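Peer 1: What follows is input-v4.txt, compact mmCIF, C-alpha atoms and all ligand atoms.
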```txt
# COMPACT_ATOMS: atom_id res chain seq x y z
CA MET A 1 0.00 0.00 0.00
CA SER A 2 1.44 3.35 -1.06
CA ASN A 3 1.44 6.88 0.19
CA VAL A 4 1.95 9.28 -2.68
CA ALA A 5 3.54 12.71 -3.06
CA ILE A 6 2.49 14.95 -5.94
CA ILE A 7 5.13 17.47 -6.89
CA GLY A 8 5.33 20.22 -9.50
CA ALA A 9 8.05 19.28 -11.99
CA GLN A 10 8.34 22.75 -13.55
CA TRP A 11 7.76 26.34 -12.37
CA GLY A 12 4.39 25.68 -10.77
CA ASP A 13 0.92 25.85 -12.33
CA GLU A 14 1.36 22.41 -13.90
CA GLY A 15 -2.20 21.42 -13.07
CA LYS A 16 -1.42 19.71 -9.76
CA GLY A 17 -4.82 20.64 -8.33
CA LYS A 18 -6.67 18.52 -10.84
CA ILE A 19 -4.36 15.51 -10.43
CA VAL A 20 -4.43 15.75 -6.64
CA ASP A 21 -8.20 15.93 -6.77
CA LEU A 22 -8.31 12.88 -9.01
CA PHE A 23 -6.13 10.72 -6.76
CA THR A 24 -7.83 12.05 -3.65
CA HIS A 25 -10.41 9.30 -4.24
CA ASP A 26 -7.75 6.75 -3.32
CA ALA A 27 -6.40 8.62 -0.30
CA ASP A 28 -7.75 9.06 3.21
CA ILE A 29 -5.68 12.11 4.08
CA ILE A 30 -4.40 15.02 1.97
CA VAL A 31 -1.50 17.05 3.33
CA ARG A 32 -0.12 20.44 2.27
CA PHE A 33 3.49 20.68 3.40
CA GLN A 34 4.95 23.95 2.08
CA GLY A 35 4.11 27.32 0.60
CA GLY A 36 1.07 29.33 1.52
CA ASN A 37 -1.61 31.24 -0.30
CA ASN A 38 0.86 32.00 -3.09
CA ALA A 39 -0.43 28.69 -4.46
CA GLY A 40 -3.71 28.48 -6.28
CA HIS A 41 -5.27 25.23 -7.35
CA THR A 42 -8.12 25.52 -9.80
CA LEU A 43 -10.45 22.56 -9.68
CA VAL A 44 -13.25 21.99 -12.12
CA VAL A 45 -15.73 19.43 -10.81
CA ASN A 46 -19.01 18.88 -12.67
CA GLY A 47 -18.34 22.09 -14.56
CA LYS A 48 -18.02 24.11 -11.33
CA LYS A 49 -14.77 25.96 -10.75
CA THR A 50 -13.25 26.21 -7.26
CA VAL A 51 -9.91 27.88 -6.54
CA LEU A 52 -8.17 26.81 -3.34
CA HIS A 53 -5.12 28.61 -2.00
CA LEU A 54 -4.53 26.98 1.38
CA VAL A 55 -6.99 24.21 2.14
CA PRO A 56 -5.89 20.95 0.47
CA SER A 57 -8.04 19.97 -2.50
CA GLY A 58 -9.41 17.01 -0.53
CA ALA A 59 -11.84 19.47 1.06
CA LEU A 60 -14.21 18.85 -1.84
CA HIS A 61 -14.63 15.24 -0.66
CA GLY A 62 -16.58 14.90 2.58
CA ASP A 63 -14.80 11.81 3.87
CA LYS A 64 -11.20 13.03 3.58
CA LEU A 65 -9.00 14.55 6.24
CA CYS A 66 -7.18 17.71 5.09
CA VAL A 67 -3.98 18.64 6.87
CA ILE A 68 -2.07 21.93 6.69
CA GLY A 69 1.40 20.80 7.75
CA ASN A 70 4.07 22.56 9.76
CA GLY A 71 5.95 23.59 6.60
CA VAL A 72 3.11 25.79 5.38
CA VAL A 73 2.92 29.51 6.15
CA VAL A 74 -0.68 30.44 6.83
CA ASP A 75 -2.43 33.75 6.36
CA PRO A 76 -5.26 33.25 8.87
CA GLU A 77 -7.52 35.83 7.28
CA ILE A 78 -7.34 34.06 3.91
CA LEU A 79 -7.74 30.65 5.50
CA ILE A 80 -10.91 31.76 7.31
CA GLU A 81 -12.30 33.20 4.06
CA GLU A 82 -11.58 29.93 2.30
CA ILE A 83 -13.14 27.80 5.05
CA ASP A 84 -16.25 30.01 5.06
CA ALA A 85 -16.54 29.83 1.27
CA LEU A 86 -16.14 26.04 1.26
CA LYS A 87 -18.74 25.69 4.01
CA ALA A 88 -21.16 27.91 2.10
CA GLN A 89 -20.76 25.58 -0.90
CA GLY A 90 -21.63 22.58 1.25
CA HIS A 91 -18.06 21.35 1.79
CA LEU A 92 -16.09 21.03 5.06
CA GLN A 93 -19.28 20.36 6.97
CA SER A 94 -17.40 18.82 9.87
CA ASP A 95 -14.60 20.82 11.54
CA ALA A 96 -12.80 17.51 12.13
CA GLN A 97 -12.13 17.37 8.37
CA LEU A 98 -9.44 20.04 8.62
CA ARG A 99 -6.34 20.07 10.83
CA ILE A 100 -3.67 22.78 11.04
CA SER A 101 -0.23 22.09 12.46
CA GLU A 102 0.47 23.91 15.71
CA GLN A 103 3.97 24.48 14.33
CA ALA A 104 2.85 26.13 11.08
CA HIS A 105 3.96 29.75 10.93
CA VAL A 106 1.45 32.56 10.74
CA ILE A 107 1.72 35.24 8.05
CA MET A 108 1.47 38.68 9.67
CA PRO A 109 0.53 42.03 8.08
CA TYR A 110 4.17 43.15 8.26
CA HIS A 111 5.18 40.19 6.07
CA LYS A 112 2.84 41.36 3.35
CA ALA A 113 3.89 45.01 3.72
CA ILE A 114 7.58 44.05 3.49
CA ASP A 115 7.03 41.73 0.50
CA LEU A 116 5.21 44.44 -1.48
CA ALA A 117 7.55 47.29 -0.53
CA ARG A 118 10.66 45.31 -1.40
CA GLU A 119 9.32 44.35 -4.79
CA ARG A 120 8.48 47.99 -5.44
CA LEU A 121 12.00 49.08 -4.52
CA ARG A 122 13.62 46.33 -6.58
CA GLY A 123 12.06 47.85 -9.71
CA LYS A 124 13.31 45.99 -12.77
CA GLY A 125 15.17 43.44 -10.64
CA LYS A 126 12.01 42.32 -8.91
CA ILE A 127 11.34 38.62 -8.30
CA GLY A 128 7.71 38.96 -9.26
CA THR A 129 6.45 37.52 -5.98
CA THR A 130 2.76 37.01 -5.38
CA GLY A 131 2.94 39.77 -2.74
CA ARG A 132 1.37 37.54 -0.11
CA GLY A 133 4.16 37.86 2.46
CA ILE A 134 5.41 34.33 1.84
CA GLY A 135 9.15 35.11 1.66
CA PRO A 136 9.23 37.41 4.72
CA ALA A 137 7.25 34.83 6.75
CA TYR A 138 9.80 32.11 5.93
CA GLU A 139 12.62 34.55 6.70
CA ASP A 140 11.21 35.05 10.19
CA LYS A 141 10.85 31.31 10.64
CA VAL A 142 14.53 30.76 9.85
CA ALA A 143 15.53 33.85 11.86
CA ARG A 144 13.68 32.25 14.80
CA VAL A 145 11.33 35.17 15.37
CA GLY A 146 8.27 33.76 13.60
CA ILE A 147 4.89 33.31 15.25
CA ARG A 148 3.54 29.76 15.06
CA PHE A 149 -0.06 28.70 15.67
CA VAL A 150 0.98 27.32 19.05
CA ASP A 151 2.27 30.81 19.92
CA LEU A 152 -0.88 32.48 18.64
CA LEU A 153 -2.96 30.20 20.85
CA GLU A 154 -1.10 31.35 24.00
CA GLU A 155 -2.21 34.96 24.51
CA ASP A 156 0.80 35.99 26.61
CA THR A 157 3.33 34.40 24.21
CA PHE A 158 1.57 35.99 21.24
CA ARG A 159 1.52 39.47 22.81
CA GLU A 160 5.19 39.28 23.75
CA LYS A 161 6.31 38.08 20.31
CA LEU A 162 4.10 40.55 18.47
CA GLU A 163 5.36 43.47 20.57
CA ARG A 164 8.96 42.57 19.86
CA ASN A 165 8.39 41.96 16.16
CA ILE A 166 6.28 45.07 15.58
CA GLU A 167 8.98 47.27 17.02
CA GLU A 168 11.62 45.82 14.75
CA LYS A 169 9.44 45.58 11.64
CA ASN A 170 8.11 49.10 11.99
CA PHE A 171 11.64 50.43 12.17
CA TYR A 172 12.55 48.46 9.03
CA LEU A 173 9.36 49.48 7.21
CA LYS A 174 9.82 53.18 7.96
CA ALA A 175 13.58 53.67 7.82
CA ILE A 176 14.53 51.27 5.04
CA LEU A 177 11.43 50.66 2.96
CA GLN A 178 9.86 54.13 3.33
CA GLU A 179 6.53 52.62 4.34
CA LYS A 180 4.01 53.47 7.03
CA ALA A 181 4.30 51.86 10.47
CA LEU A 182 1.72 49.22 11.39
CA ASP A 183 -0.52 49.47 14.42
CA PHE A 184 0.07 46.93 17.21
CA ALA A 185 -3.44 47.13 18.71
CA GLU A 186 -5.18 46.60 15.38
CA ILE A 187 -3.08 43.54 14.53
CA HIS A 188 -3.43 42.18 18.06
CA ASP A 189 -7.23 42.47 17.94
CA ASN A 190 -7.59 41.02 14.46
CA TYR A 191 -5.32 38.08 15.21
CA GLY A 192 -7.19 37.47 18.47
CA ARG A 193 -10.33 37.03 16.37
CA TYR A 194 -8.54 34.74 13.92
CA ARG A 195 -7.33 32.66 16.87
CA ASP A 196 -10.88 32.20 18.12
CA LYS A 197 -12.07 31.07 14.70
CA LEU A 198 -9.18 28.72 13.98
CA LYS A 199 -8.15 27.25 17.33
CA GLY A 200 -10.46 24.26 16.99
CA TYR A 201 -8.46 23.08 13.96
CA VAL A 202 -4.98 23.38 15.46
CA THR A 203 -3.18 20.24 16.61
CA ASN A 204 0.03 18.17 16.50
CA THR A 205 -0.39 17.07 12.89
CA GLY A 206 2.91 15.14 12.70
CA LEU A 207 1.70 12.86 15.47
CA LEU A 208 -1.77 12.60 13.98
CA LEU A 209 -0.33 11.59 10.59
CA ASP A 210 1.91 8.98 12.19
CA GLN A 211 -1.02 7.45 14.05
CA ARG A 212 -3.18 7.35 10.94
CA ILE A 213 -0.42 5.90 8.75
CA ARG A 214 0.18 3.16 11.33
CA ALA A 215 -3.54 2.45 11.25
CA GLY A 216 -3.26 1.81 7.48
CA LYS A 217 -4.61 5.12 6.20
CA ARG A 218 -3.34 6.33 2.83
CA VAL A 219 -1.80 9.76 2.52
CA LEU A 220 -1.45 12.07 -0.44
CA PHE A 221 1.15 14.82 -0.01
CA GLU A 222 0.06 17.80 -2.11
CA GLY A 223 2.96 19.92 -3.34
CA ALA A 224 2.57 23.57 -4.24
CA GLN A 225 4.62 25.62 -6.72
CA GLY A 226 7.24 23.50 -8.51
CA THR A 227 10.75 22.08 -8.43
CA LEU A 228 12.23 25.03 -10.32
CA LEU A 229 10.84 27.39 -7.68
CA ASP A 230 12.46 25.37 -4.86
CA VAL A 231 14.64 27.58 -2.68
CA ASP A 232 17.60 25.15 -2.98
CA HIS A 233 17.08 23.44 -6.32
CA GLY A 234 15.28 26.04 -8.42
CA THR A 235 16.34 29.04 -10.50
CA TYR A 236 17.66 30.92 -7.45
CA PRO A 237 17.06 33.77 -6.63
CA TYR A 238 13.91 33.69 -8.76
CA VAL A 239 12.30 31.09 -6.54
CA THR A 240 9.83 30.84 -3.74
CA SER A 241 11.06 30.52 -0.16
CA SER A 242 10.18 26.92 0.65
CA SER A 243 11.26 23.37 -0.21
CA THR A 244 8.93 22.39 -2.99
CA VAL A 245 10.64 19.04 -3.63
CA THR A 246 9.83 15.62 -2.15
CA GLY A 247 12.25 16.17 0.73
CA GLY A 248 10.08 19.10 1.75
CA ALA A 249 7.11 16.74 2.10
CA CYS A 250 8.88 15.02 4.99
CA SER A 251 10.18 18.08 6.81
CA GLY A 252 7.01 20.04 6.08
CA SER A 253 4.65 17.41 7.46
CA GLY A 254 6.73 15.68 10.13
CA VAL A 255 6.47 12.31 8.36
CA GLY A 256 9.54 10.13 7.75
CA PRO A 257 10.69 9.34 4.18
CA GLN A 258 9.92 5.62 4.51
CA HIS A 259 6.24 6.55 4.45
CA ILE A 260 6.35 8.00 0.92
CA GLN A 261 6.46 5.19 -1.63
CA GLN A 262 5.42 6.92 -4.86
CA VAL A 263 6.32 10.37 -6.09
CA ILE A 264 4.44 11.73 -9.08
CA GLY A 265 5.76 14.80 -10.86
CA ILE A 266 3.28 16.98 -12.69
CA SER A 267 4.44 18.59 -15.90
CA LYS A 268 2.64 20.41 -18.65
CA ALA A 269 3.17 19.15 -22.20
CA TYR A 270 4.83 22.55 -22.68
CA THR A 271 6.24 25.03 -20.14
CA THR A 272 4.97 28.13 -18.33
CA ARG A 273 6.31 30.45 -15.68
CA VAL A 274 4.96 33.47 -13.80
CA GLY A 275 7.17 36.11 -12.26
CA SER A 276 10.72 36.95 -13.27
CA GLY A 277 13.71 34.72 -13.90
CA PRO A 278 15.33 32.69 -16.67
CA PHE A 279 13.17 30.56 -18.97
CA PRO A 280 15.22 29.14 -21.88
CA THR A 281 12.33 27.85 -24.03
CA GLU A 282 10.17 30.96 -23.62
CA LEU A 283 8.32 32.04 -26.77
CA ASP A 284 7.87 35.77 -27.22
CA GLY A 285 6.05 35.62 -30.55
CA PRO A 286 2.73 34.30 -31.83
CA ASP A 287 3.36 30.68 -30.71
CA GLY A 288 3.68 31.88 -27.12
CA GLU A 289 0.46 33.85 -27.55
CA THR A 290 -1.31 30.77 -28.90
CA LEU A 291 -0.20 28.68 -25.92
CA ARG A 292 -1.35 31.40 -23.52
CA ARG A 293 -4.72 31.73 -25.21
CA GLU A 294 -5.42 28.03 -25.78
CA GLY A 295 -4.09 27.07 -22.36
CA ALA A 296 -5.82 29.98 -20.55
CA GLU A 297 -2.46 30.72 -19.00
CA PHE A 298 -3.38 33.29 -16.40
CA GLY A 299 -2.40 32.83 -12.75
CA ALA A 300 -5.02 31.37 -10.39
CA THR A 301 -3.68 33.49 -7.52
CA THR A 302 -2.73 36.83 -9.02
CA GLY A 303 -4.39 36.71 -12.45
CA ARG A 304 -1.04 37.56 -14.06
CA SER A 305 -0.52 36.25 -17.57
CA ARG A 306 1.95 33.38 -17.64
CA ARG A 307 5.04 33.27 -19.80
CA CYS A 308 4.80 30.31 -22.20
CA GLY A 309 7.29 28.12 -24.06
CA TRP A 310 8.04 24.64 -25.39
CA PHE A 311 8.64 21.56 -23.25
CA ASP A 312 12.06 21.69 -21.60
CA ALA A 313 13.47 18.22 -20.87
CA VAL A 314 16.55 19.63 -19.11
CA THR A 315 14.49 21.12 -16.31
CA VAL A 316 12.08 18.18 -16.07
CA ARG A 317 15.00 15.69 -15.94
CA HIS A 318 16.34 17.74 -13.05
CA ALA A 319 12.95 17.42 -11.37
CA VAL A 320 12.92 13.66 -11.97
CA ARG A 321 16.27 13.26 -10.23
CA MET A 322 15.73 15.81 -7.44
CA ASN A 323 12.39 14.40 -6.39
CA GLY A 324 13.01 10.72 -7.08
CA LEU A 325 9.97 10.76 -9.34
CA THR A 326 8.42 7.34 -9.89
CA GLY A 327 6.14 8.69 -12.60
CA VAL A 328 5.07 11.83 -14.43
CA ALA A 329 1.58 13.13 -15.16
CA LEU A 330 1.60 15.12 -18.41
CA THR A 331 -1.06 17.81 -18.41
CA LYS A 332 -2.66 20.11 -20.99
CA LEU A 333 -1.75 17.96 -23.96
CA ASP A 334 -4.92 19.22 -25.72
CA VAL A 335 -3.50 22.77 -25.78
CA LEU A 336 -0.90 21.70 -28.37
CA THR A 337 -3.53 20.86 -30.99
CA GLY A 338 -3.03 22.94 -34.13
CA PHE A 339 0.74 23.40 -34.12
CA LYS A 340 2.39 22.07 -37.28
CA LYS A 341 5.64 21.28 -35.48
CA ILE A 342 6.22 20.94 -31.75
CA PRO A 343 9.80 21.38 -30.57
CA ILE A 344 11.12 19.59 -27.46
CA CYS A 345 14.18 21.09 -25.81
CA THR A 346 16.62 18.26 -25.03
CA ALA A 347 19.70 20.30 -23.99
CA TYR A 348 21.03 23.86 -23.90
CA ARG A 349 23.94 25.55 -25.65
CA PHE A 350 25.94 28.08 -23.71
CA ASN A 351 29.25 29.62 -24.85
CA GLY A 352 29.66 26.99 -27.53
CA GLN A 353 29.18 24.14 -25.03
CA THR A 354 26.31 21.68 -24.72
CA VAL A 355 24.64 21.77 -21.31
CA ASP A 356 22.67 18.59 -20.50
CA GLU A 357 22.11 19.14 -16.81
CA PHE A 358 20.27 21.98 -15.10
CA PRO A 359 22.90 24.68 -14.37
CA ALA A 360 23.13 26.32 -10.94
CA SER A 361 24.53 29.54 -12.43
CA SER A 362 21.87 32.18 -13.14
CA LYS A 363 24.14 33.51 -15.86
CA VAL A 364 24.28 30.18 -17.68
CA MET A 365 20.55 29.65 -17.26
CA ALA A 366 19.77 33.18 -18.49
CA GLY A 367 22.00 32.77 -21.56
CA ALA A 368 21.07 29.14 -22.32
CA GLN A 369 19.97 28.56 -25.91
CA PRO A 370 17.60 25.61 -26.24
CA VAL A 371 18.62 22.70 -28.47
CA TYR A 372 15.39 21.55 -30.08
CA GLU A 373 14.19 18.32 -31.56
CA GLU A 374 11.11 18.89 -33.74
CA MET A 375 8.13 16.60 -33.46
CA ASP A 376 5.18 16.54 -35.85
CA GLY A 377 2.11 18.33 -34.59
CA TRP A 378 -1.54 17.31 -34.92
CA ASP A 379 -4.87 18.97 -35.73
CA GLU A 380 -7.24 16.61 -33.93
CA ARG A 381 -9.03 17.80 -30.81
CA LEU A 382 -8.10 15.64 -27.85
CA ASP A 383 -10.55 16.78 -25.20
CA ASP A 384 -12.97 13.88 -25.80
CA VAL A 385 -10.33 11.14 -25.90
CA ARG A 386 -10.43 8.79 -22.89
CA LYS A 387 -8.07 5.98 -23.95
CA PHE A 388 -4.37 6.32 -24.72
CA SER A 389 -4.74 4.03 -27.73
CA ASP A 390 -7.43 6.38 -29.13
CA LEU A 391 -5.00 9.31 -29.24
CA PRO A 392 -3.70 10.10 -32.75
CA ALA A 393 -0.36 8.40 -33.52
CA THR A 394 1.47 11.77 -33.62
CA VAL A 395 0.25 12.55 -30.11
CA ARG A 396 1.30 9.15 -28.77
CA LYS A 397 4.69 9.66 -30.42
CA TYR A 398 5.07 13.05 -28.72
CA VAL A 399 4.21 11.58 -25.31
CA LYS A 400 6.54 8.61 -25.81
CA ARG A 401 9.39 10.88 -26.87
CA ILE A 402 8.95 12.99 -23.74
CA GLU A 403 9.00 9.80 -21.70
CA GLU A 404 12.32 8.87 -23.35
CA VAL A 405 14.02 12.25 -22.93
CA ILE A 406 13.07 12.58 -19.27
CA GLY A 407 13.77 8.93 -18.53
CA THR A 408 10.60 8.32 -16.53
CA GLU A 409 7.28 6.62 -17.07
CA ILE A 410 4.33 8.85 -17.95
CA ILE A 411 1.49 7.50 -15.83
CA LEU A 412 -1.24 9.89 -16.90
CA VAL A 413 -2.10 12.38 -19.61
CA SER A 414 -4.61 15.15 -19.19
CA VAL A 415 -6.61 16.42 -22.18
CA GLY A 416 -8.79 19.10 -20.56
CA PRO A 417 -9.55 20.77 -17.25
CA GLY A 418 -12.39 18.44 -16.20
CA ARG A 419 -11.84 15.49 -13.89
CA GLU A 420 -13.08 13.11 -16.61
CA GLN A 421 -10.69 14.52 -19.24
CA THR A 422 -7.88 12.34 -17.99
CA ILE A 423 -6.24 9.20 -19.30
CA VAL A 424 -4.78 7.27 -16.38
CA LEU A 425 -2.17 4.71 -17.41
CA ARG A 426 -1.18 3.72 -13.89
CA ASN A 427 -2.63 4.67 -10.50
CA PRO A 428 0.27 5.33 -8.09
CA PHE A 429 -1.81 4.20 -5.12
CA ASP A 430 -1.99 0.70 -6.65
CA ARG A 431 1.70 0.02 -6.08
P1 LIG B 1 6.44 34.11 -3.69
O1 LIG B 1 6.23 32.65 -3.51
O2 LIG B 1 5.18 34.92 -3.60
O3 LIG B 1 7.54 34.64 -2.82
O4 LIG B 1 6.95 34.33 -5.20
C1 LIG B 1 8.23 33.88 -5.63
C2 LIG B 1 8.18 33.35 -7.06
O5 LIG B 1 7.42 32.14 -7.08
C3 LIG B 1 7.51 34.29 -8.05
O6 LIG B 1 8.12 34.13 -9.31
C4 LIG B 1 6.09 33.76 -8.12
O7 LIG B 1 5.45 34.10 -9.33
C5 LIG B 1 6.36 32.28 -8.03
N1 LIG B 1 5.21 31.54 -7.48
C6 LIG B 1 4.79 31.48 -6.21
N2 LIG B 1 3.72 30.66 -6.10
C7 LIG B 1 3.47 30.19 -7.32
C8 LIG B 1 2.51 29.26 -7.84
O8 LIG B 1 1.67 28.68 -7.15
N3 LIG B 1 2.60 29.01 -9.17
C9 LIG B 1 3.54 29.57 -9.96
N4 LIG B 1 4.45 30.43 -9.52
C10 LIG B 1 4.43 30.73 -8.21
```
Mind turning this structure into structure tokens?
Peer 2:
Amino acid sequence: MSNVAIIGAQWGDEGKGKIVDLFTHDADIIVRFQGGNNAGHTLVVNGKKTVLHLVPSGALHGDKLCVIGNGVVVDPEILIEEIDALKAQGHLQSDAQLRISEQAHVIMPYHKAIDLARERLRGKGKIGTTGRGIGPAYEDKVARVGIRFVDLLEEDTFREKLERNIEEKNFYLKAILQEKALDFAEIHDNYGRYRDKLKGYVTNTGLLLDQRIRAGKRVLFEGAQGTLLDVDHGTYPYVTSSSTVTGGACSGSGVGPQHIQQVIGISKAYTTRVGSGPFPTELDGPDGETLRREGAEFGATTGRSRRCGWFDAVTVRHAVRMNGLTGVALTKLDVLTGFKKIPICTAYRFNGQTVDEFPASSKVMAGAQPVYEEMDGWDERLDDVRKFSDLPATVRKYVKRIEEVIGTEIILVSVGPGREQTIVLRNPFDR
């Protein structure tokens, strides 16, 4: 019996939400282990669209336990909004369906103010963050001044930490970032209210997960963002501030590695990225426009239009190795319909050299010229196809070639946003 991690194999937005939702049927517990409300998972179930930023996608299934692990940074205001919205739609009817780690860090108003002000001051060199305070919240965690849920729950601890932090942050906001100071009393009152609304969900989730796993329950670890946005293994410094790779699933949930048997990477059949940073296969011309239009490539969280390009095997191979992927789900294959030729990037050229492995140097990555292999395109619509053998031969050839160049089995292809528009070749929970 397997527990499964689902990890973004590119720069996020690979369609993880849909795949997580699909495999949620086979899991008892769904765990978020990193990131915060910078993530946005769009789910389309029975034609109805739901966007979740914090609550794991399992919330749409009444019998699943959703866990927000210790590695997540939580904006309590947003979480409350999301819980209320889900409840209003008839989901999350029992409070016992959601658990928040007492060790998860709380995003504070100064984190958001710092995130936004820094991006403004960076001007052209900005990272293109989602402006949700994610980076500054993780900074405080590592600097050992963060406020965890367990701290928020203890009024005296919370007051003391908030007083100390507000003093320091207000100095930084005013003197360095030329921003207004924040008001202690207002934050204290608001967060007191958030505490009252959320305290019933807060617990020792690492222990809870261990108990459930020992009792034979099946866990799905739901990654957010993607491998190339990982703070260690991504296109640093144009990354997010958490460990988006499989290793992060262990540290971010308090579950040992022996409990994760299958790791599925999600990759689009092409590539997208939001925010700044290198993107070797990016298409600036009409082909990029076509991908954006056909793929509706606009961010679920910020609404920003996504940068689009061809499939990049160098980055996905890196994701395969870094995460120990046991399979890849290839999404949005239908979007490629209509292209005469579809290039696959198999390596880069930089300074006259061939680069086969993902380079750590931002300079090499920024100057990398893709080496393309051209595949034949197809004109057939794929959104109604439900069997791999019913896909046109050119499409099957494209999928098989991707499988070869990344060196990993493709276990699923997705041909549309709906749950039913999916061709599952192997269910990871069956291993
Ligand atoms: P932050 O996570 O808001 O600090 O943003 C850092 C970088 O990660 C920026 O380039 C964001 O656009 C990117 N990013 C953060 N979350 C997501 C996501 O869920 N999908 C895609 N990109 C993301």
Peer 1: Could you please determine the separation between CA of Arg306 in chain A and CA of Tyr236 in chain A in Å, to one decimal place?
Peer 2: 18.9 Å
Peer 1: Counting all atoms listed in the file, what is within 9 Å of Ile260 in chain A, bar same-chain residues fewer than 3 positions away, as a list of chain:residue names?
Peer 2: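 Once the adjacent positions are removed, what remains is A:Ser2, A:Asn3, A:Val4, A:Ala5, A:Val219, A:Leu220, A:Phe221, A:Thr246, A:Ala249, A:Cys250, A:Val255, A:Gly256, A:Pro257, A:Val263.
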Peer 1: List the residues sitting within 12 Å of (-16.9, 25.3, 2.6) in the file's frame, using only C-alpha atoms, as a list in words.
Peer 2: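 Final list of nearby residues, as requested, is Thr50, Val51, Leu52, Val55, Ser57, Gly58, Ala59, Leu60, His61, Gly62, Leu79, Ile80, Glu81, Glu82, Ile83, Asp84, Ala85, Leu86, Lys87, Ala88, Gln89, Gly90, His91, Leu92, Gln93, Ser94, Asp95, Gln97 and Leu98 of chain A.
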Peer 1: Residues within 8 Å of ligand LIG 1 (chain B) should be enumerated using only C-alpha atoms and all ligand atoms and returned as a PyMOL selection string.
Peer 2: chain A and resi 11-13+35-41+115+127-135+224-226+229+238-241+273-277+299-301
Peer 1: Rounded to one decimal place, report the CA of Pro237 in chain A-CA of Phe279 in chain A distance in Å.
Peer 2: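 Straight-line distance from CA of Pro237 in chain A to CA of Phe279 in chain A works out to 13.3 Å.
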Peer 1: One number please: CA of Glu289 in chain A to CA of Asp379 in chain A, in Å, one decimal.
Peer 2: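 We find that CA of Glu289 in chain A and CA of Asp379 in chain A lie 17.8 Å from each other.
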Peer 1: Which residue, A:Lys180, A:Glu168, A:Ala319, A:Glu139, has the smallest gap to Ile7 in chain A when you use all atoms listed in the file?
Peer 2: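 For Ile7 in chain A, the nearest of the given residues is A:Ala319.
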Peer 1: Please list as a PyMOL selection string every residue within 12 Å of Asp156 in chain A, counting all atoms listed in the file and excluding residues in the same chain fewer than 6 positions away.
Peer 2: chain A and resi 150+162-163+188+192
Peer 1: Please provide the set of residues having any atom within 12 Å of Cys345 in chain A, restricted to only C-alpha atoms, with same-chain residues fewer than 6 positions apart removed, written as a PyMOL selection string.
Peer 2: chain A and resi 269-271+279-282+309-317+355-356+368-375+401-402+405-406
Peer 1: With distances taken over all atoms listed in the file, which residue among A:Asp63, A:Glu297, A:Glu409, A:Asp383 lies nearest Gly15 in chain A?
Peer 2: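 Of the candidates, the smallest distance to Gly15 in chain A is held by A:Glu297.
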Peer 1: With 10 Å as the threshold, what does the neighbourhood of (8.3, 25.6, 18.2) contain in terms of residues, counting only C-alpha atoms? Coordinates are those of the file; answer as a VMD selection string.
Peer 2: chain A and resid 70 102 to 105 141 144 146 to 151
Peer 1: Skipping near chain neighbours, those fewer than 5 positions away, what residues fall within 8 Å of Ile410 in chain A using all atoms listed in the file, listed as number ranges by chain?
Peer 2: A: 327-330, 399, 403, 425
Peer 1: Pick the closest to Gly247 in chain A from A:Ile6, A:Val145, A:Val20, A:Leu336: which is it, counting all atoms listed in the file?
Peer 2: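 Among the listed residues, the smallest separation from Gly247 in chain A belongs to A:Ile6.
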Peer 1: Between A:Asn204, A:Thr302, A:Thr326, A:Thr227, which has the minimum distance to Phe429 in chain A (counting all atoms listed in the file)?
Peer 2: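 Smallest separation from Phe429 in chain A among the options: A:Thr326.
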Peer 1: May I ask which of the residues A:Pro278, A:Pro392, A:Gly223, A:Gly285 is the closest one to Asp334 in chain A, counting all atoms listed in the file?
Peer 2: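 For Asp334 in chain A, the nearest of the candidates is A:Pro392.
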Peer 1: Between A:Arg193, A:Arg292, A:Arg419, A:Arg307, single out the one closest to Lys48 in chain A, counting all atoms listed in the file.
Peer 2: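 Of A:Arg193, A:Arg292, A:Arg419, A:Arg307, the one nearest Lys48 in chain A, counting all atoms listed in the file, is A:Arg419.
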Peer 1: Write out, as CSV, each residue of range 154-271 of chain A that has an atom at most 10 Å from range 25-30 of chain A, together with the closest pair of atoms and their distance in Å to one decimal, counting only C-alpha atoms, rows going by chain and rising number.
Peer 2:
```
residue,atom,partner,partner_atom,distance
A:Leu209,CA,A:Ile29,CA,8.4
A:Arg212,CA,A:Ile29,CA,8.7
A:Ile213,CA,A:Ile29,CA,9.4
A:Gly216,CA,A:Asp28,CA,9.5
A:Lys217,CA,A:Asp28,CA,5.9
A:Arg218,CA,A:Ala27,CA,4.9
A:Val219,CA,A:Ile29,CA,4.8
A:Leu220,CA,A:Ile30,CA,4.8
A:Phe221,CA,A:Ile30,CA,5.9
A:Glu222,CA,A:Ile30,CA,6.7
```
Peer 1: Would you compute an axis-aligned box for range 70-83 of chain A, covering every atom listed for it in the file with 3 Å of margin on each side, and report centre and edge lengths in Å to one decimal as AutoDock Vina command-line options?
Peer 2:
```
--center_x -3.6 --center_y 29.2 --center_z 6.0 --size_x 25.1 --size_y 19.3 --size_z 13.5
```
